$ cat target-v3.txt   # compact mmCIF, C-alpha atoms
# COMPACT_ATOMS: atom_id res chain seq x y z
CA MET A 1 34.31 -7.74 3.73
CA ALA A 2 33.49 -9.40 7.02
CA LYS A 3 31.91 -6.12 8.02
CA THR A 4 29.57 -6.15 5.06
CA ILE A 5 28.45 -9.65 6.00
CA ASP A 6 27.71 -8.47 9.53
CA HIS A 7 25.60 -5.61 8.20
CA VAL A 8 23.73 -7.98 5.90
CA LYS A 9 23.02 -10.27 8.88
CA GLU A 10 21.72 -7.29 10.85
CA GLY A 11 19.40 -6.42 7.97
CA VAL A 12 18.01 -9.95 7.73
CA LYS A 13 17.45 -10.04 11.49
CA ALA A 14 15.52 -6.76 11.44
CA ALA A 15 13.50 -7.90 8.41
CA TRP A 16 11.94 -10.89 10.18
CA PRO A 17 8.70 -9.23 11.29
CA ILE A 18 8.23 -7.77 7.80
CA CYS A 19 8.77 -11.16 6.14
CA LEU A 20 6.34 -12.81 8.55
CA GLY A 21 3.77 -10.14 7.77
CA TYR A 22 4.28 -10.34 4.02
CA PHE A 23 3.92 -14.10 3.79
CA PRO A 24 0.17 -14.51 4.41
CA ILE A 25 -0.59 -11.37 2.40
CA GLY A 26 1.57 -12.51 -0.53
CA LEU A 27 -0.04 -15.93 -0.37
CA SER A 28 -3.53 -14.33 -0.42
CA LEU A 29 -2.56 -12.19 -3.39
CA GLY A 30 -1.33 -15.27 -5.27
CA VAL A 31 -4.57 -17.09 -4.48
CA LEU A 32 -6.73 -14.16 -5.65
CA ALA A 33 -4.59 -13.74 -8.77
CA GLN A 34 -4.94 -17.43 -9.58
CA LYS A 35 -8.73 -17.20 -9.18
CA GLY A 36 -8.60 -14.14 -11.46
CA GLY A 37 -6.90 -16.22 -14.14
CA LEU A 38 -3.28 -15.07 -13.78
CA SER A 39 -0.46 -17.59 -14.23
CA PRO A 40 2.58 -18.01 -11.91
CA TRP A 41 4.93 -16.14 -14.26
CA GLN A 42 2.46 -13.24 -14.54
CA VAL A 43 2.19 -12.95 -10.76
CA GLY A 44 5.97 -13.32 -10.28
CA LEU A 45 6.70 -10.71 -12.91
CA MET A 46 4.31 -8.24 -11.29
CA SER A 47 5.84 -8.88 -7.85
CA ILE A 48 9.34 -8.19 -9.21
CA LEU A 49 8.50 -5.15 -11.35
CA VAL A 50 5.97 -3.47 -9.05
CA PHE A 51 6.64 -4.80 -5.51
CA ALA A 52 3.79 -2.90 -3.90
CA GLY A 53 1.19 -4.99 -2.05
CA GLY A 54 -1.75 -2.60 -2.09
CA SER A 55 -1.58 -1.70 -5.75
CA GLN A 56 -1.02 -5.34 -6.78
CA PHE A 57 -4.23 -6.32 -4.96
CA ILE A 58 -6.01 -3.45 -6.69
CA ALA A 59 -4.58 -4.42 -10.08
CA VAL A 60 -5.76 -8.02 -9.66
CA ALA A 61 -9.23 -6.83 -8.63
CA MET A 62 -9.40 -4.30 -11.50
CA LEU A 63 -8.19 -6.91 -14.01
CA GLY A 64 -11.01 -9.15 -12.78
CA SER A 65 -13.57 -6.42 -13.40
CA GLY A 66 -12.19 -5.77 -16.89
CA ALA A 67 -10.61 -2.37 -16.21
CA SER A 68 -8.39 -0.79 -18.89
CA ILE A 69 -4.58 -0.59 -18.69
CA PRO A 70 -4.56 3.25 -18.28
CA ALA A 71 -7.12 2.99 -15.45
CA ILE A 72 -5.03 0.41 -13.58
CA VAL A 73 -1.76 2.32 -14.12
CA THR A 74 -3.33 5.63 -13.01
CA THR A 75 -4.74 4.03 -9.86
CA THR A 76 -1.35 2.38 -9.14
CA PHE A 77 0.34 5.76 -9.49
CA MET A 78 -2.14 7.44 -7.15
CA VAL A 79 -1.97 4.67 -4.56
CA ASN A 80 1.85 4.72 -4.52
CA LEU A 81 2.26 8.51 -4.48
CA ARG A 82 2.67 8.23 -0.73
CA HIS A 83 6.17 6.84 -1.33
CA LEU A 84 7.22 10.36 -2.39
CA LEU A 85 7.01 11.37 1.25
CA MET A 86 8.71 8.26 2.60
CA SER A 87 11.54 8.55 0.08
CA SER A 88 11.96 12.24 0.99
CA ALA A 89 12.13 11.43 4.69
CA LEU A 90 14.63 8.59 4.11
CA ALA A 91 16.90 10.80 1.98
CA VAL A 92 18.16 12.59 5.11
CA HIS A 93 19.90 9.38 6.17
CA PHE A 94 21.88 8.95 2.92
CA PRO A 95 24.15 12.00 2.75
CA GLY A 96 26.71 11.80 -0.04
CA ILE A 97 25.70 8.30 -1.04
CA SER A 98 26.04 7.36 -4.71
CA ARG A 99 23.03 7.67 -6.98
CA ARG A 100 23.47 4.05 -8.03
CA PHE A 101 23.02 2.85 -4.45
CA LEU A 102 20.02 5.15 -3.94
CA ALA A 103 18.41 3.98 -7.18
CA LEU A 104 18.77 0.38 -5.98
CA PHE A 105 17.61 1.14 -2.44
CA ALA A 106 14.57 3.07 -3.72
CA TYR A 107 13.21 -0.06 -5.39
CA GLY A 108 12.58 -1.65 -1.98
CA VAL A 109 10.88 1.31 -0.27
CA THR A 110 7.55 0.05 1.06
CA ASP A 111 5.34 1.18 3.96
CA GLU A 112 6.83 -1.57 6.12
CA SER A 113 10.51 -1.23 5.16
CA PHE A 114 10.20 2.54 5.49
CA ALA A 115 8.75 2.22 8.99
CA VAL A 116 11.42 -0.20 10.23
CA ASN A 117 14.36 1.57 8.52
CA MET A 118 13.30 4.99 9.86
CA VAL A 119 13.09 3.65 13.42
CA ARG A 120 16.53 2.01 13.11
CA PHE A 121 18.14 5.07 11.49
CA ASN A 122 16.76 7.34 14.20
CA ARG A 123 18.02 4.96 16.88
CA GLY A 124 21.52 5.23 15.36
CA GLY A 125 24.15 2.76 14.17
CA TRP A 126 22.01 1.48 11.30
CA ASP A 127 24.20 0.85 8.24
CA ARG A 128 22.85 1.50 4.75
CA ARG A 129 23.84 -2.05 3.75
CA SER A 130 21.58 -3.36 6.50
CA ALA A 131 18.79 -1.12 5.25
CA LEU A 132 19.24 -2.39 1.68
CA THR A 133 19.29 -6.00 2.89
CA LEU A 134 16.08 -5.44 4.81
CA ASN A 135 14.40 -4.08 1.67
CA GLN A 136 15.57 -7.00 -0.44
CA ALA A 137 14.59 -9.59 2.18
CA GLY A 138 11.07 -8.17 2.03
CA ASN A 139 11.14 -8.27 -1.77
CA LEU A 140 12.30 -11.92 -1.85
CA THR A 141 9.61 -12.97 0.63
CA TRP A 142 7.02 -11.11 -1.40
CA PHE A 143 8.06 -12.76 -4.66
CA VAL A 144 8.16 -16.28 -3.19
CA SER A 145 4.87 -15.98 -1.29
CA THR A 146 2.88 -14.44 -4.17
CA VAL A 147 4.05 -17.12 -6.63
CA ALA A 148 3.48 -19.87 -4.03
CA GLY A 149 -0.05 -18.53 -3.57
CA VAL A 150 -0.84 -19.25 -7.22
CA TYR A 151 0.04 -22.94 -6.74
CA VAL A 152 -1.59 -23.27 -3.33
CA GLY A 153 -4.62 -21.40 -4.64
CA GLN A 154 -5.53 -24.26 -6.95
CA PHE A 155 -6.21 -26.43 -3.89
CA ILE A 156 -8.20 -23.86 -1.94
CA PRO A 157 -11.90 -23.72 -2.80
CA SER A 158 -13.47 -20.27 -3.21
CA GLY A 159 -14.33 -18.58 0.08
CA THR A 160 -12.12 -20.77 2.26
CA LEU A 161 -11.16 -19.07 5.52
CA GLY A 162 -12.40 -15.76 4.15
CA ILE A 163 -9.41 -15.34 1.84
CA ASP A 164 -11.54 -12.98 -0.31
CA TYR A 165 -11.47 -10.58 2.62
CA ALA A 166 -7.66 -10.40 2.89
CA LEU A 167 -7.61 -7.27 0.71
CA THR A 168 -10.22 -5.44 2.78
CA GLY A 169 -8.53 -6.50 6.02
CA MET A 170 -5.17 -5.20 4.88
CA PHE A 171 -6.63 -1.88 3.74
CA ILE A 172 -8.47 -1.43 7.04
CA CYS A 173 -5.19 -1.86 8.93
CA LEU A 174 -3.18 0.35 6.55
CA LEU A 175 -5.89 3.00 6.97
CA VAL A 176 -5.57 2.76 10.77
CA PHE A 177 -1.79 3.30 10.39
CA GLN A 178 -2.57 6.47 8.43
CA LEU A 179 -4.94 8.01 11.01
CA ARG A 180 -2.35 10.16 12.76
CA GLY A 181 -4.67 12.91 14.01
CA PRO A 182 -8.14 14.47 13.77
CA ILE A 183 -7.49 15.99 10.31
CA PHE A 184 -6.46 12.57 8.96
CA ALA A 185 -9.58 10.96 10.44
CA ALA A 186 -11.82 13.72 9.04
CA THR A 187 -10.21 13.33 5.61
CA ALA A 188 -10.72 9.55 5.68
CA LEU A 189 -14.38 9.93 6.70
CA LEU A 190 -15.02 12.46 3.95
CA ALA A 191 -13.24 10.23 1.44
CA ALA A 192 -15.51 7.33 2.39
CA VAL A 193 -18.67 9.40 1.84
CA CYS A 194 -17.38 10.91 -1.43
CA SER A 195 -16.27 7.49 -2.62
CA VAL A 196 -19.68 5.84 -2.16
CA VAL A 197 -21.44 8.78 -3.83
CA ALA A 198 -18.93 8.83 -6.72
CA TYR A 199 -19.14 5.03 -7.00
CA LEU A 200 -22.88 5.32 -7.60
CA TRP A 201 -22.64 8.21 -10.08
CA LEU A 202 -19.37 7.77 -11.99
CA PRO A 203 -18.44 4.89 -14.31
CA GLY A 204 -15.52 2.53 -13.76
CA ASN A 205 -12.93 3.16 -11.07
CA ALA A 206 -12.93 6.96 -11.31
CA TYR A 207 -14.43 7.07 -7.81
CA VAL A 208 -11.05 6.30 -6.17
CA ILE A 209 -9.20 9.22 -7.73
CA VAL A 210 -12.11 11.69 -7.53
CA ALA A 211 -12.97 10.92 -3.90
CA SER A 212 -9.39 10.90 -2.63
CA SER A 213 -8.44 14.16 -4.38
CA VAL A 214 -11.58 15.93 -3.13
CA ALA A 215 -11.15 14.64 0.44
CA ALA A 216 -7.41 15.43 0.63
CA THR A 217 -8.02 18.96 -0.70
CA ALA A 218 -10.89 19.52 1.75
CA GLY A 219 -8.79 18.17 4.63
CA PHE A 220 -5.91 20.43 3.58
CA MET A 221 -8.19 23.50 3.49
CA LEU A 222 -9.70 22.57 6.86
CA LYS A 223 -6.20 22.34 8.35
CA ARG A 224 -5.24 25.70 6.87
CA SER A 225 -8.36 27.49 8.11
CA LEU A 226 -7.98 26.01 11.60
CA ARG A 227 -4.39 27.20 11.68
CA ARG A 228 -5.42 30.69 10.55
CA ARG A 229 -7.82 30.83 13.49
CA GLY A 230 -5.04 29.81 15.84
CA VAL A 231 -6.35 26.28 16.47
CA ARG A 232 -3.68 23.62 16.42
CA PRO A 233 -5.12 20.63 14.54
CA MET B 1 -5.70 -9.90 -21.86
CA SER B 2 -2.84 -10.99 -24.13
CA ALA B 3 0.70 -11.65 -22.84
CA THR B 4 1.93 -8.47 -24.55
CA ASP B 5 -0.81 -6.37 -22.95
CA TYR B 6 -0.01 -7.86 -19.57
CA LEU B 7 3.69 -7.13 -20.02
CA LEU B 8 2.85 -3.53 -20.96
CA LEU B 9 0.61 -3.26 -17.89
CA VAL B 10 3.18 -4.48 -15.35
CA VAL B 11 6.03 -2.46 -16.89
CA CYS B 12 3.92 0.72 -16.70
CA MET B 13 2.85 -0.15 -13.14
CA GLY B 14 6.52 -0.71 -12.27
CA VAL B 15 7.58 2.65 -13.70
CA VAL B 16 4.88 4.69 -11.91
CA THR B 17 5.65 2.84 -8.66
CA TYR B 18 9.43 3.18 -8.93
CA LEU B 19 9.59 6.90 -9.80
CA PRO B 20 7.97 8.21 -6.58
CA ARG B 21 10.27 5.87 -4.63
CA MET B 22 13.43 6.95 -6.44
CA LEU B 23 13.13 10.63 -7.42
CA PRO B 24 13.00 12.19 -3.92
CA LEU B 25 15.87 10.00 -2.64
CA VAL B 26 18.11 10.95 -5.56
CA THR B 27 17.21 14.64 -5.90
CA PHE B 28 16.35 15.59 -2.32
CA SER B 29 19.62 17.40 -1.73
CA ARG B 30 18.93 19.83 -4.58
CA ARG B 31 15.29 20.75 -4.15
CA LYS B 32 12.52 20.45 -1.60
CA PHE B 33 8.78 20.19 -2.12
CA PRO B 34 6.82 23.31 -1.15
CA ALA B 35 5.35 22.95 2.34
CA TRP B 36 1.75 23.16 1.15
CA PHE B 37 2.30 20.30 -1.29
CA VAL B 38 3.77 18.08 1.42
CA GLU B 39 0.78 18.82 3.66
CA TRP B 40 -1.65 17.94 0.88
CA LEU B 41 0.31 14.81 -0.03
CA GLU B 42 0.21 13.61 3.57
CA LEU B 43 -3.57 13.41 3.39
CA ILE B 44 -3.58 11.38 0.17
CA PRO B 45 -2.86 7.92 1.68
CA PRO B 46 -5.71 7.91 4.25
CA ALA B 47 -8.05 9.40 1.61
CA ILE B 48 -7.16 6.77 -0.99
CA LEU B 49 -7.38 3.83 1.41
CA SER B 50 -10.74 5.03 2.73
CA ALA B 51 -12.06 5.64 -0.80
CA LEU B 52 -11.02 2.12 -1.80
CA ILE B 53 -12.70 0.42 1.17
CA ALA B 54 -15.98 2.38 1.39
CA PRO B 55 -17.85 0.99 -1.67
CA THR B 56 -16.91 -2.57 -0.64
CA LEU B 57 -18.60 -1.98 2.71
CA PHE B 58 -21.54 0.21 1.72
CA ALA B 59 -22.48 -0.61 -1.88
CA GLN B 60 -23.26 -3.51 -4.19
CA ALA B 61 -21.73 -3.85 -7.63
CA ALA B 62 -24.34 -4.75 -10.23
CA PRO B 63 -26.39 -2.59 -10.36
CA ARG B 64 -24.42 -0.10 -8.29
CA MET B 65 -26.54 0.64 -5.25
CA PHE B 66 -26.14 1.82 -1.64
CA VAL B 67 -26.58 -1.09 0.81
CA LEU B 68 -26.42 -1.10 4.60
CA GLY B 69 -25.58 -4.27 6.54
CA LYS B 70 -23.40 -6.15 4.05
CA VAL B 71 -21.34 -9.08 5.37
CA GLU B 72 -18.26 -7.05 4.44
CA LEU B 73 -19.41 -4.21 6.75
CA LEU B 74 -20.27 -6.53 9.66
CA ALA B 75 -16.86 -8.18 9.42
CA ALA B 76 -15.15 -4.78 9.14
CA LEU B 77 -16.25 -3.65 12.62
CA PRO B 78 -14.31 -6.26 14.68
CA THR B 79 -11.48 -6.06 12.12
CA LEU B 80 -11.23 -2.28 12.60
CA ALA B 81 -11.34 -2.68 16.39
CA PHE B 82 -8.54 -5.26 16.21
CA ALA B 83 -6.43 -3.02 13.96
CA LEU B 84 -6.90 -0.02 16.26
CA LYS B 85 -5.95 -2.07 19.32
CA THR B 86 -3.02 -4.13 18.02
CA ARG B 87 -1.73 -2.18 14.97
CA SER B 88 -0.61 -5.52 13.55
CA LEU B 89 -0.90 -5.84 9.76
CA ALA B 90 -0.62 -9.62 9.53
CA GLY B 91 -2.87 -10.09 12.57
CA THR B 92 -5.55 -7.79 11.16
CA VAL B 93 -5.55 -9.60 7.82
CA VAL B 94 -6.05 -12.97 9.55
CA VAL B 95 -8.71 -11.64 11.97
CA GLY B 96 -10.53 -9.94 9.07
CA MET B 97 -10.56 -13.15 7.04
CA LEU B 98 -11.82 -15.19 10.01
CA CYS B 99 -14.55 -12.64 10.83
CA TYR B 100 -15.70 -12.54 7.22
CA TRP B 101 -15.65 -16.32 7.05
CA GLY B 102 -17.52 -16.57 10.34
CA VAL B 103 -20.23 -14.04 9.44
CA HIS B 104 -20.59 -15.48 5.94
CA TYR B 105 -20.80 -19.17 6.69
CA LEU B 106 -21.89 -19.47 10.31
CA GLY B 107 -24.04 -16.35 10.62
$ encode --input "target-v3.txt" --output "structure tokens"
Amino acid sequence: MAKTIDHVKEGVKAAWPICLGYFPIGLSLGVLAQKGGLSPWQVGLMSILVFAGGSQFIAVAMLGSGASIPAIVTTTFMVNLRHLLMSSALAVHFPGISRRFLALFAYGVTDESFAVNMVRFNRGGWDRRSALTLNQAGNLTWFVSTVAGVYVGQFIPSGTLGIDYALTGMFICLLVFQLRGPIFAATALLAAVCSVVAYLWLPGNAYVIVASSVAATAGFMLKRSLRRRGVRP
Amino acid sequence: MSATDYLLLVVCMGVVTYLPRMLPLVTFSRRKFPAWFVEWLELIPPAILSALIAPTLFAQAAPRMFVLGKVELLAALPTLAFALKTRSLAGTVVVGMLCYWGVHYLG
């Protein structure tokens, strides 16, 4: 039992940078949600059930622009598809572990927890209880900070300290994390162009799905054709 | 939006977020994605993030129109430079907010 407690402590220790990072973002989300007319229980419920920063920001923005439920759910699905890859990569480190544990662990897989857990697993000596603790520490911080943001938000006038830009700032940084080579950069550039064109021509939020599918497919084909010609992209 | 609609929304969002997190972890030992699908999937995150940001920087909302030189774009340049240099998520969010605030209110 003492061992479990040690592993939990390890997890909390490793989670510190994630919690620090989540706090201002969660607070900003709560503030934006409050300005968009959501109540504390609505924000808290979303943070518990969804626990995905990017798609929660998008959902709040789409709710504000009157988007339909299917549109928001489809966009959420597309945005979080990336977790398929992270979950696949993490699976290697859980050989013979019960499905119940994996089902619980999976709930806390985020970009940040994935990044930290993968580094620790690869370094060796990282217990799965520590990994689970790290995920849950991130989740708790996220829940508390998003709900706190709703209350704090009532005292922050619109535009203060550029809080409206928190979403864009976070996406810019997450995009930078994703640019892992020339093909990724080319795909992102193409997606930007397609997105603006689709935004002007297509109704609603279809531009996100259309532009990202077109750009990813084009990037994929570019990578394939370069490989066929013997170029290593 | 009614409370019931909101509940439906967040439950559906939760399900479509949880499944991609859970299914590969639980079933990975039995089957693997085809290589081409993994390669395509890898390009989805940068494409989606870029597609989400671009209209904010280069277009106005009502009526939808291409615009160059928005405050959002001007603030994005130092924010992008900071992100590329530091790779700090929290830092980039704060710098982005301050740049936007600065350009908007002082510029």
$ atom_distance --input "target-v3.txt" --atom1 "atom CA of B:Ala59" --atom2 "atom CA of A:Gly169"
17.1 Å
$ closest_residue --input "target-v3.txt" --among "A:Arg100, A:Arg123, A:Lys13, A:Lys3" --to "A:Asn135" --atoms "only C-alpha atoms"
A:Lys13
$ atom_distance --input "target-v3.txt" --atom1 "atom CA of B:Glu42" --atom2 "atom CA of A:His83"
10.3 Å
$ residues_around --input "target-v3.txt" --residues "stretch 66-74 of chain B" --least-positions-apart "5" --cutoff "7 Å" --atoms "only C-alpha atoms" --output "number ranges by chain"
B: 56-60, 100, 103-104
$ closest_residue --input "target-v3.txt" --among "A:Asp111, A:Phe155, A:Gly64, A:Ile183" --to "A:Arg227" --atoms "all atoms listed in the file"
A:Ile183
$ atom_distance --input "target-v3.txt" --atom1 "atom CA of B:Pro45" --atom2 "atom CA of A:Met221"
16.6 Å
$ residues_around --input "target-v3.txt" --residues "B:Leu84" --least-positions-apart "2" --cutoff "10 Å" --atoms "all atoms listed in the file" --output "PyMOL selection string"
(chain A and resi 172-173+175-177+179) or (chain B and resi 78-82+86-88+92)
$ residues_around --input "target-v3.txt" --residues "A:Val73" --least-positions-apart "6" --cutoff "8 Å" --atoms "all atoms listed in the file" --output "PDB file with C-alpha atoms, keeping the file's coordinate frame"
ATOM      1  CA  LEU B   9       0.610  -3.260 -17.890  1.00  0.00           C
ATOM      2  CA  CYS B  12       3.920   0.720 -16.700  1.00  0.00           C
ATOM      3  CA  MET B  13       2.850  -0.150 -13.140  1.00  0.00           C
ATOM      4  CA  VAL B  16       4.880   4.690 -11.910  1.00  0.00           C
TER       5      VAL B  16
END
$ build_atoms --input "target-v3.txt" --residues "stretch 9-20 of chain B" --atoms "all heavy atoms" --output "mmCIF file, in the coordinates of the input"
data_model
loop_
_atom_site.group_PDB
_atom_site.id
_atom_site.type_symbol
_atom_site.label_atom_id
_atom_site.label_comp_id
_atom_site.auth_asym_id
_atom_site.auth_seq_id
_atom_site.Cartn_x
_atom_site.Cartn_y
_atom_site.Cartn_z
ATOM 1 N N LEU B 9 1.251 -3.682 -19.141
ATOM 2 C CA LEU B 9 0.610 -3.260 -17.890
ATOM 3 C C LEU B 9 1.603 -3.264 -16.722
ATOM 4 O O LEU B 9 1.748 -2.253 -16.032
ATOM 5 C CB LEU B 9 -0.572 -4.181 -17.566
ATOM 6 C CG LEU B 9 -1.192 -3.981 -16.174
ATOM 7 C CD1 LEU B 9 -1.973 -2.677 -16.103
ATOM 8 C CD2 LEU B 9 -2.093 -5.145 -15.793
ATOM 9 N N VAL B 10 2.307 -4.401 -16.522
ATOM 10 C CA VAL B 10 3.180 -4.480 -15.350
ATOM 11 C C VAL B 10 4.413 -3.589 -15.484
ATOM 12 O O VAL B 10 4.901 -3.057 -14.492
ATOM 13 C CB VAL B 10 3.585 -5.933 -14.988
ATOM 14 C CG1 VAL B 10 2.392 -6.694 -14.429
ATOM 15 C CG2 VAL B 10 4.179 -6.667 -16.170
ATOM 16 N N VAL B 11 4.895 -3.376 -16.709
ATOM 17 C CA VAL B 11 6.030 -2.460 -16.890
ATOM 18 C C VAL B 11 5.607 -1.041 -16.542
ATOM 19 O O VAL B 11 6.299 -0.329 -15.795
ATOM 20 C CB VAL B 11 6.593 -2.544 -18.331
ATOM 21 C CG1 VAL B 11 7.520 -1.376 -18.608
ATOM 22 C CG2 VAL B 11 7.323 -3.862 -18.549
ATOM 23 N N CYS B 12 4.420 -0.619 -17.018
ATOM 24 C CA CYS B 12 3.920 0.720 -16.700
ATOM 25 C C CYS B 12 3.677 0.858 -15.194
ATOM 26 O O CYS B 12 4.021 1.882 -14.584
ATOM 27 C CB CYS B 12 2.629 1.024 -17.459
ATOM 28 S SG CYS B 12 2.881 1.252 -19.219
ATOM 29 N N MET B 13 3.081 -0.176 -14.590
ATOM 30 C CA MET B 13 2.850 -0.150 -13.140
ATOM 31 C C MET B 13 4.189 -0.024 -12.405
ATOM 32 O O MET B 13 4.307 0.727 -11.427
ATOM 33 C CB MET B 13 2.143 -1.431 -12.672
ATOM 34 C CG MET B 13 0.662 -1.482 -12.955
ATOM 35 S SD MET B 13 -0.032 -3.082 -12.426
ATOM 36 C CE MET B 13 0.049 -2.890 -10.633
ATOM 37 N N GLY B 14 5.197 -0.759 -12.892
ATOM 38 C CA GLY B 14 6.520 -0.710 -12.270
ATOM 39 C C GLY B 14 7.129 0.679 -12.355
ATOM 40 O O GLY B 14 7.675 1.186 -11.375
ATOM 41 N N VAL B 15 6.997 1.318 -13.505
ATOM 42 C CA VAL B 15 7.580 2.650 -13.700
ATOM 43 C C VAL B 15 6.910 3.672 -12.777
ATOM 44 O O VAL B 15 7.597 4.431 -12.075
ATOM 45 C CB VAL B 15 7.455 3.091 -15.181
ATOM 46 C CG1 VAL B 15 7.801 4.565 -15.332
ATOM 47 C CG2 VAL B 15 8.355 2.234 -16.061
ATOM 48 N N VAL B 16 5.565 3.681 -12.738
ATOM 49 C CA VAL B 16 4.880 4.690 -11.910
ATOM 50 C C VAL B 16 5.033 4.401 -10.418
ATOM 51 O O VAL B 16 4.816 5.275 -9.593
ATOM 52 C CB VAL B 16 3.378 4.852 -12.267
ATOM 53 C CG1 VAL B 16 3.218 5.281 -13.712
ATOM 54 C CG2 VAL B 16 2.589 3.587 -11.975
ATOM 55 N N THR B 17 5.390 3.157 -10.063
ATOM 56 C CA THR B 17 5.650 2.840 -8.660
ATOM 57 C C THR B 17 7.086 3.207 -8.287
ATOM 58 O O THR B 17 7.354 3.718 -7.196
ATOM 59 C CB THR B 17 5.411 1.343 -8.378
ATOM 60 O OG1 THR B 17 4.091 1.009 -8.783
ATOM 61 C CG2 THR B 17 5.550 1.030 -6.896
ATOM 62 N N TYR B 18 8.008 2.948 -9.220
ATOM 63 C CA TYR B 18 9.430 3.180 -8.930
ATOM 64 C C TYR B 18 9.768 4.677 -8.854
ATOM 65 O O TYR B 18 10.531 5.090 -7.968
ATOM 66 C CB TYR B 18 10.293 2.498 -9.992
ATOM 67 C CG TYR B 18 11.776 2.671 -9.760
ATOM 68 C CD1 TYR B 18 12.394 2.115 -8.650
ATOM 69 C CD2 TYR B 18 12.555 3.416 -10.648
ATOM 70 C CE1 TYR B 18 13.755 2.280 -8.425
ATOM 71 C CE2 TYR B 18 13.909 3.585 -10.435
ATOM 72 C CZ TYR B 18 14.508 3.019 -9.321
ATOM 73 O OH TYR B 18 15.841 3.186 -9.098
ATOM 74 N N LEU B 19 9.215 5.472 -9.757
ATOM 75 C CA LEU B 19 9.590 6.900 -9.800
ATOM 76 C C LEU B 19 9.339 7.637 -8.478
ATOM 77 O O LEU B 19 10.239 8.325 -7.994
ATOM 78 C CB LEU B 19 8.891 7.592 -10.981
ATOM 79 C CG LEU B 19 9.450 7.208 -12.362
ATOM 80 C CD1 LEU B 19 8.708 7.946 -13.472
ATOM 81 C CD2 LEU B 19 10.951 7.471 -12.456
ATOM 82 N N PRO B 20 8.148 7.518 -7.865
ATOM 83 C CA PRO B 20 7.970 8.210 -6.580
ATOM 84 C C PRO B 20 8.890 7.680 -5.480
ATOM 85 O O PRO B 20 9.184 8.385 -4.524
ATOM 86 C CB PRO B 20 6.500 7.942 -6.224
ATOM 87 C CG PRO B 20 5.853 7.542 -7.484
ATOM 88 C CD PRO B 20 6.921 6.859 -8.306
#
